[in-house]
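Working notes, structure below.
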Amino acid sequence: MKSFSPRRVVAMARKEFRHILRDGQTLAIILVLPVFMMFLYGYALNLDPSEIAVIVEDAEGSRESRFVISAIDASDMFAVVGTRNAAAHPEALFRGQDVRAVFRIPAGFTHSLRSAGSPARVQVLIDGADPNLATLIRNAAAPLVRGASLEILGISPPSLIAPLSVILYNPEQKSSLYFVPGLMAVILLLISALLTSVTLVREKESGTLEQLFITPLHPFEILTGKMLPYILLAAVDGVLVMAVGYAAFDLRVKGSLLFLSFASLIYIFAGLSLGLLISTVAKRQQHAMMLALGATLMPSVILSGFIFPIAGMPAFLQALSHIIPATWFLEIVRGVVLKGTGLAELGLQVLALSVEGFLLLGLALLKFRSKL
Amino acid sequence: MKGLLVVVWKEMLHLRGDKTGLRLMFLVPVVQLFVLGYALTTEVKNTPVAVVDYCACEQSRSLAHTVLSHPLFRSQGFVESEKQMRRLMDRGEVRVGLVIPPDFSMRLEASWRAINSGKSRPDRGAPVRVIIDGQDGNSSQVAGGYLQAILRQWSGQRLEEQIAGTGRNVRQMVPVEVDEAFLFNPLLKSSWYMVPGIAVLLVTMVTALLTGLSIVREKEAGTLEQLMVTPIRPWQVVLGKTGPYMLIGFFELSAILLLAGLWFGIPMRGSVFLLFFFAFIYMFSSLGIGILVSTLARTQVQALFMIWFFLLFFILLSGFFVPIQNLPGWVQNLTLVNPVRYFMAALRDILLKGSDFSSLYGHATSMLLLGAGLFGAAFLTFKRKVE
């Protein structure tokens with residue numbers, strides 16, 4: 001057995017670098033895709049609703065009912081796009097249109113409001129098709145109508161308790177502050193798992209990998225040399241995401257950048273090991289891409305809590321989500337960036353990532369050896 | 001016409017020969033439907049909640065238990081201090097917290113006296129603090145709203161009990177009631193909204209991706225050139241190669257809709273015929289994308305990447321899980337040329353709302369225009385490239 005030589009590893013890495021620099025497509029994936037994704041997700045993934053289109057059915061048409069309508073329209077949450085008299089089939093209002101709710105103010109609204117008898121009833125019909133939006137509408141509608149009605153009477157709502165909300169970590173509730181750090185998890189995996197598996201399989205396909213193995217280079221020198229440029233590129237992308245986040249989305253890292261870099265390296269290591277494992281299984285580039293996209297990237301976007309909260313999933317998917325490295329890294333990156341937490345709070349996540357990285361590497365090396 | 005049938009026949013033979021590919025073609029969407037149908041949920045439930053009870057009196061215990069035992073939350077129990085609570089929130093073990101100050105029962109008593117004395121603008125009530133992990137704006141807004149509603153409910157119940165003790169009518173105090181009703185999806189099931197969306201994604205994948213790949217594969221192998229020197233015309237090649245995938249698309253759509261109804265219990269309130277009509281005109285757009293990509297890409301890997309890239313963009317801006325009204329104005333204008341958007345809306349409306357053609361003809365027109373544009377452009381590019 002030849003001894004492991006850093007010089008030969010560097011030579012291998014330089015060869016790989018030349019490949020990357022010559023291939024426009026790879027460079028585009030590395031440099032353009034992350035920035036593009038950041039802007040897309042940063043601006044488009046905005047789940048906070050505002051100015052939801054609603055229709056008001058005003059069966060009374062009094063000064064008071066108009067006051068309630070103007071209060072609905074004036075709120076940030078709703079925009080009244082039409083008022084109409086009571087209709088027979090309100091369902092039709094929701095079909096093929098953007099209308100998400102109908103507020104129905106009954107005739108005799110003011111009378112019931114001012115008299116001591118039964119209370120005035122306002123009905124809110126909500127389009128339940130999108131349950132998330134429907135919940136937000138429900139949470140906002142009742143306090144708004146109640147507040148406006150009580151203002152007509154000039155009284156405050158009698159309440160025994162007065163809750164005061166404190167919002168931690170992201171007080172302005174900006175979606176971009178949540179999604180942009182999360183993109184780190186997706187992009188780093190894209191570079192480390194996808195690109196390495198595809199390039200390794202490409203050399204396998206064209207037969208140059210076999211040629212490399214008959215050179216005096218030790219297989220592990222070849223592997224390390226091939227991985228090195230991707231570690232570097234992933235690191236560059238990590239910095240790129242943070243820099244664009246800083247400049248375009250006002251992202252400020254509350255915790256330690258050093259710890260974040262350290263955790264990112266562990267995550268990249270896990271991603272590379274995964275890429276290596278895929279490359280030992282896949283015979284063709286197309287398979288490698290399918291595997292990398294379908295088996296690693298898709299679940300990392302969907303099951304990791306990047307967009308969809310894990311707590312809302314059924315138990316078996318929750319268990320599955322904790323096998324995915326991105327889930328752990330997401331908790332780390334959001335913790336450091338938004339909460340300012342460090343190793344003390346995130347020790348478990350760092351440990352889980354490291355264990356997964358070594359497990360994947362071990363599996364890949366076992367497979368790799370048996371192939372040789 | 002004969003040339004067209006020959007190409008269709010050839011493509012069918014290819015498909016039949018690739019057993020693994022065929023199996024994947026049907027297995028992958030079904031697996032995806034199940035995983036995504038359950039995973040793509042925006043429902044906010046099981047939010048971990050904890051209470052700091054500095055008052056430790058009878059009223060504060062009652063309030064704390066109401067919050068902790070609520071089915072929408074997952075109880076993390078009582079926490080000793082706010083500092084401890086903050087630590088738990090830092091670690092992500094608690095996402096919503098309630099802090100009850102030591103003078104809670106005293107202030108409660110005071111606000112009751114103020115209400116009872118009949119002042120029109122009584123004291124605001126006993127202060128409590130709600131601490132929300134605001135990282136994820138959407139979930140925290142929903143969870144915070146739940147907690148506020150629970151607090152309001154508790155306060156209302158106490159008030160009612162106490163007013164009943166004085167023999168007065170509680171209705172005088174709360175002169176307005178707001179009733180909410182959810183239409184179309186009364187139980188607010190996420191899957192009802194997401195599964196039709198997933199059907200759109202899967203149909204798009206099958207038609208755009210498979211067509212693109214099958215053309216590029218022939219390009220790579222050089223058989224496309226051979227095909228071009230035969231008397232078969234370019235339009236026959238394009239239609240012959242897309243036709244079979246359209247059929248597969250229809251087959252998959254039917255399978256998914258069947259599963260949606262039988263497994264997820266999603267209603268089919270509109271006309272199946274109308275739905276398939278929309279799928280038909282939609283496929284011109286998705287097949288057009290596949291052909292366009294195949295003219296641009298030199299290798300299958302490139303084609304795969306380009307289609308993935310296109311779809312990422314189209315799907316995110318289709319209203320699949322981010323309502324289009326939420327997008328910034330200029331992005332909303334961008335979605336006007338997104339065929340996925342119209343099919344997504346039409347499919348959901350037909351399934352859940354029972355919409356008929358009269359309310360969806362706008363979508364149909366846009367889809368027809370986009371389909372004609374995309375398919376036409378794809379065909380012309382293809383023809384120019386091969387000639």
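How things are named: the first chain in the structure tokens is A, the next is B, and so on; residues count from 1 in each chain; ligands count from 1 in the order shown.
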
Exercise for review: Find the residues near B:Pro231: any atom within 12 Å, counting only C-alpha atoms, skip ones fewer than 6 places away on the same chain, and give them as a ChimeraX atom specification.
Suggested key: /B:1-4,6-7,237

At most 6 Å is the cut-off: for each residue in chain A with any atom that close to an atom of chain B, write down the nearest atom pair and the distance in Å rounded to one decimal, counting only C-alpha atoms, chain first then increasing number, as a tab-separated table.
```
residue	atom	partner	partner_atom	distance
A:Ala44	CA	B:Leu327	CA	5.5
A:Leu47	CA	B:Asn138	CA	5.9
A:Asp48	CA	B:Asn138	CA	5.9
A:Pro49	CA	B:Asn326	CA	5.7
A:Arg95	CA	B:Ser355	CA	5.8
A:Gly96	CA	B:Ser359	CA	5.1
A:Leu113	CA	B:Pro175	CA	5.4
A:Ala116	CA	B:Gln172	CA	5.5
A:Pro119	CA	B:Pro175	CA	4.5
A:Ala120	CA	B:Val176	CA	4.6
A:Arg121	CA	B:Glu177	CA	4.9
A:Val122	CA	B:Val178	CA	4.9
A:Gln123	CA	B:Asp179	CA	4.8
A:Val124	CA	B:Glu180	CA	4.8
A:Leu125	CA	B:Ala181	CA	5.0
A:Ile126	CA	B:Phe182	CA	4.8
A:Asp127	CA	B:Leu183	CA	5.2
A:Gly128	CA	B:Asn185	CA	4.8
A:Ala129	CA	B:Asn185	CA	5.3
A:Asp130	CA	B:Tyr193	CA	5.7
A:Pro131	CA	B:Leu188	CA	4.8
A:Asn132	CA	B:Thr42	CA	5.9
A:Asn139	CA	B:Gly145	CA	5.7
A:Ala142	CA	B:Val178	CA	5.7
A:Ile155	CA	B:Ser120	CA	5.2
A:Ser156	CA	B:Arg121	CA	5.3
A:Ser159	CA	B:Gly125	CA	5.7
A:Leu160	CA	B:Gly125	CA	4.5
A:Ile161	CA	B:Gly125	CA	4.3
A:Ala162	CA	B:Pro127	CA	4.6
A:Pro163	CA	B:Val128	CA	4.8
A:Leu164	CA	B:Arg129	CA	4.9
A:Ser165	CA	B:Val130	CA	4.6
A:Val166	CA	B:Ile131	CA	4.8
A:Ile167	CA	B:Ile132	CA	4.8
A:Leu168	CA	B:Asp133	CA	5.2
A:Tyr169	CA	B:Gly134	CA	5.8
A:Asn170	CA	B:Gly134	CA	5.0
A:Gln173	CA	B:Gly137	CA	4.6
A:Ser175	CA	B:Gly137	CA	5.9
A:Tyr178	CA	B:Asp136	CA	5.8
A:Gln286	CA	B:Val301	CA	5.8
A:Phe308	CA	B:Thr42	CA	5.9
A:Ala311	CA	B:Asn46	CA	5.9
A:Gly312	CA	B:Lys45	CA	5.5
A:Met313	CA	B:Ala39	CA	5.6
A:Glu345	CA	B:Arg91	CA	5.4
```

Exercise for review: Step one, run DSSP on the backbone; step two, keep only residues of stretch 79-228 of chain A assigned to alpha helix (DSSP H); then write them as a PyMOL selection string.
Suggested key: chain A and resi 109-114+131-153+175-189+196-206+208-213+219-228

Review point. What is the distance, in Å and to one decimal place, between atom CA of A:Thr196 and atom CA of A:Phe259?
Key: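 Separation of atom CA of A:Thr196 and atom CA of A:Phe259: 25.1 Å.
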
Exercise for review: Extract, using only C-alpha atoms, all DNA, RNA and protein residues at most 12 Å from B:Ala372, discarding same-chain residues fewer than 2 positions from it, and format them as a PyMOL selection string.
Suggested key: chain B and resi 281-289+339+364-370+374-380

Review point. Given the choices A:Ala319, A:Leu348, A:Met298, A:Leu276, which gets closest to A:Ala364 if the distance is worked out from only C-alpha atoms?
Key: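 Looking only at the distances to A:Ala364, the closest residue turns out to be A:Leu276.
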
**Study point:** Spatial neighbours of A:Gly294, 12 Å, only C-alpha atoms, chain gap at least 6 places, as JSON, numbers by chain
**Key:** {"A": [190, 193, 194, 278, 286, 287, 288, 300, 301, 302], "B": [24, 28, 29, 31, 32, 304, 308]}

Check your understanding: At what distance in Å, to one decimal, does atom CA of A:Leu257 lie from atom CA of A:Val336?
Key ->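 Between atom CA of A:Val336 and atom CA of A:Leu257 the gap works out to 8.1 Å.
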
Point to revise | Residues near B:Val272, cut-off 10 Å, only C-alpha atoms, skip fewer than 6 positions along chain, as a list in words | key: Ser254, Leu257, Phe278, Ile350 and Leu351 of chain B

Selected residues written out, N, CA and C atoms, as a short mmCIF file (atom, residue, chain, number, x, y, z; two decimals), in the first residue's frame:
```cif
data_model
loop_
_atom_site.label_atom_id
_atom_site.label_comp_id
_atom_site.auth_asym_id
_atom_site.auth_seq_id
_atom_site.Cartn_x
_atom_site.Cartn_y
_atom_site.Cartn_z
N SER B 254 -55.92 10.04 -13.63
CA SER B 254 -57.08 9.25 -13.19
C SER B 254 -56.73 8.46 -11.94
N LEU B 257 -56.56 10.80 -8.95
CA LEU B 257 -57.87 11.28 -8.52
C LEU B 257 -58.63 10.18 -7.79
N PHE B 278 -59.68 20.38 -18.91
CA PHE B 278 -58.63 21.29 -18.46
C PHE B 278 -57.26 20.62 -18.52
N ILE B 350 -62.66 22.85 -9.28
CA ILE B 350 -63.59 21.83 -9.75
C ILE B 350 -63.82 20.78 -8.67
N LEU B 351 -62.74 20.33 -8.05
CA LEU B 351 -62.87 19.29 -7.02
C LEU B 351 -63.61 19.80 -5.79
#
```

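Those residues of stretch 76-130 of chain B that DSSP, working from the backbone, places in strand (DSSP E or B) are Gln76, Gly77, Phe78, Val79, Val96, Gly97, Leu98, Val99, Ile100, Ala126, Pro127, Val128, Arg129 and Val130 of chain B.
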
Residues from the last selection, N, CA and C atoms, saved as a PDB file, in the first residue's frame:
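Contents of again.pdb, as written:
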```pdb
ATOM      1  N   GLN B  76     -45.924  21.268  27.561  1.00  0.00           N
ATOM      2  CA  GLN B  76     -44.594  21.038  28.123  1.00  0.00           C
ATOM      3  C   GLN B  76     -44.624  21.384  29.618  1.00  0.00           C
ATOM      4  N   GLY B  77     -45.824  21.555  30.144  1.00  0.00           N
ATOM      5  CA  GLY B  77     -45.999  21.729  31.580  1.00  0.00           C
ATOM      6  C   GLY B  77     -45.615  23.105  32.105  1.00  0.00           C
ATOM      7  N   PHE B  78     -45.428  23.158  33.423  1.00  0.00           N
ATOM      8  CA  PHE B  78     -45.090  24.416  34.079  1.00  0.00           C
ATOM      9  C   PHE B  78     -43.576  24.613  34.077  1.00  0.00           C
ATOM     10  N   VAL B  79     -43.174  25.860  33.975  1.00  0.00           N
ATOM     11  CA  VAL B  79     -41.756  26.208  34.012  1.00  0.00           C
ATOM     12  C   VAL B  79     -41.575  27.192  35.154  1.00  0.00           C
ATOM     13  N   VAL B  96     -44.562  28.436  22.256  1.00  0.00           N
ATOM     14  CA  VAL B  96     -45.488  29.450  22.746  1.00  0.00           C
ATOM     15  C   VAL B  96     -45.512  29.362  24.263  1.00  0.00           C
ATOM     16  N   GLY B  97     -45.409  30.501  24.935  1.00  0.00           N
ATOM     17  CA  GLY B  97     -45.398  30.491  26.394  1.00  0.00           C
ATOM     18  C   GLY B  97     -46.367  31.506  26.965  1.00  0.00           C
ATOM     19  N   LEU B  98     -46.880  31.183  28.148  1.00  0.00           N
ATOM     20  CA  LEU B  98     -47.777  32.107  28.840  1.00  0.00           C
ATOM     21  C   LEU B  98     -47.151  32.434  30.185  1.00  0.00           C
ATOM     22  N   VAL B  99     -47.042  33.725  30.493  1.00  0.00           N
ATOM     23  CA  VAL B  99     -46.492  34.127  31.783  1.00  0.00           C
ATOM     24  C   VAL B  99     -47.597  34.815  32.580  1.00  0.00           C
ATOM     25  N   ILE B 100     -47.906  34.251  33.761  1.00  0.00           N
ATOM     26  CA  ILE B 100     -48.947  34.829  34.617  1.00  0.00           C
ATOM     27  C   ILE B 100     -48.246  35.533  35.775  1.00  0.00           C
ATOM     28  N   ALA B 126     -56.682  42.002  33.811  1.00  0.00           N
ATOM     29  CA  ALA B 126     -55.428  41.584  34.434  1.00  0.00           C
ATOM     30  C   ALA B 126     -54.416  41.227  33.346  1.00  0.00           C
ATOM     31  N   PRO B 127     -53.230  41.837  33.389  1.00  0.00           N
ATOM     32  CA  PRO B 127     -52.268  41.558  32.326  1.00  0.00           C
ATOM     33  C   PRO B 127     -51.633  40.169  32.440  1.00  0.00           C
ATOM     34  N   VAL B 128     -51.528  39.486  31.325  1.00  0.00           N
ATOM     35  CA  VAL B 128     -50.714  38.269  31.242  1.00  0.00           C
ATOM     36  C   VAL B 128     -49.839  38.441  30.002  1.00  0.00           C
ATOM     37  N   ARG B 129     -48.741  37.708  29.964  1.00  0.00           N
ATOM     38  CA  ARG B 129     -47.858  37.866  28.810  1.00  0.00           C
ATOM     39  C   ARG B 129     -47.826  36.598  27.973  1.00  0.00           C
ATOM     40  N   VAL B 130     -47.960  36.783  26.675  1.00  0.00           N
ATOM     41  CA  VAL B 130     -47.880  35.663  25.740  1.00  0.00           C
ATOM     42  C   VAL B 130     -46.558  35.796  25.000  1.00  0.00           C
TER      43      VAL B 130
END
```

Practice item. Just give me the gap between atom CA of A:Val239 and atom CA of A:Leu188 in Å, one decimal is fine. Key: 10.6 Å

Review point. Could you name the residues that touch A:Ala235 at 10 Å or less, counting only C-alpha atoms, but leaving out those on the same chain fewer than 5 positions away, as a VMD selection string?
Key: chain A and resid 188 191 to 192 229 to 230 240 to 241 261 264 to 265 268

Convert the current residue selection to file output with C-alpha atoms, as a PDB file, in the first residue's frame.
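Once written, result-v8.pdb looks like this:
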```
ATOM      1  CA  LEU A 188     -25.137  23.249   0.628  1.00  0.00           C
ATOM      2  CA  ILE A 191     -23.504  21.314  -4.048  1.00  0.00           C
ATOM      3  CA  SER A 192     -22.132  18.612  -1.786  1.00  0.00           C
ATOM      4  CA  PRO A 229     -12.940  21.371  -4.514  1.00  0.00           C
ATOM      5  CA  TYR A 230     -16.575  20.722  -3.615  1.00  0.00           C
ATOM      6  CA  LEU A 240     -22.567  33.819  -0.735  1.00  0.00           C
ATOM      7  CA  VAL A 241     -25.939  33.038   0.848  1.00  0.00           C
ATOM      8  CA  SER A 261     -19.026  27.703   9.890  1.00  0.00           C
ATOM      9  CA  SER A 264     -21.724  23.949   8.112  1.00  0.00           C
ATOM     10  CA  LEU A 265     -18.526  21.984   7.534  1.00  0.00           C
ATOM     11  CA  ILE A 268     -21.088  19.531   4.041  1.00  0.00           C
TER      12      ILE A 268
END
```
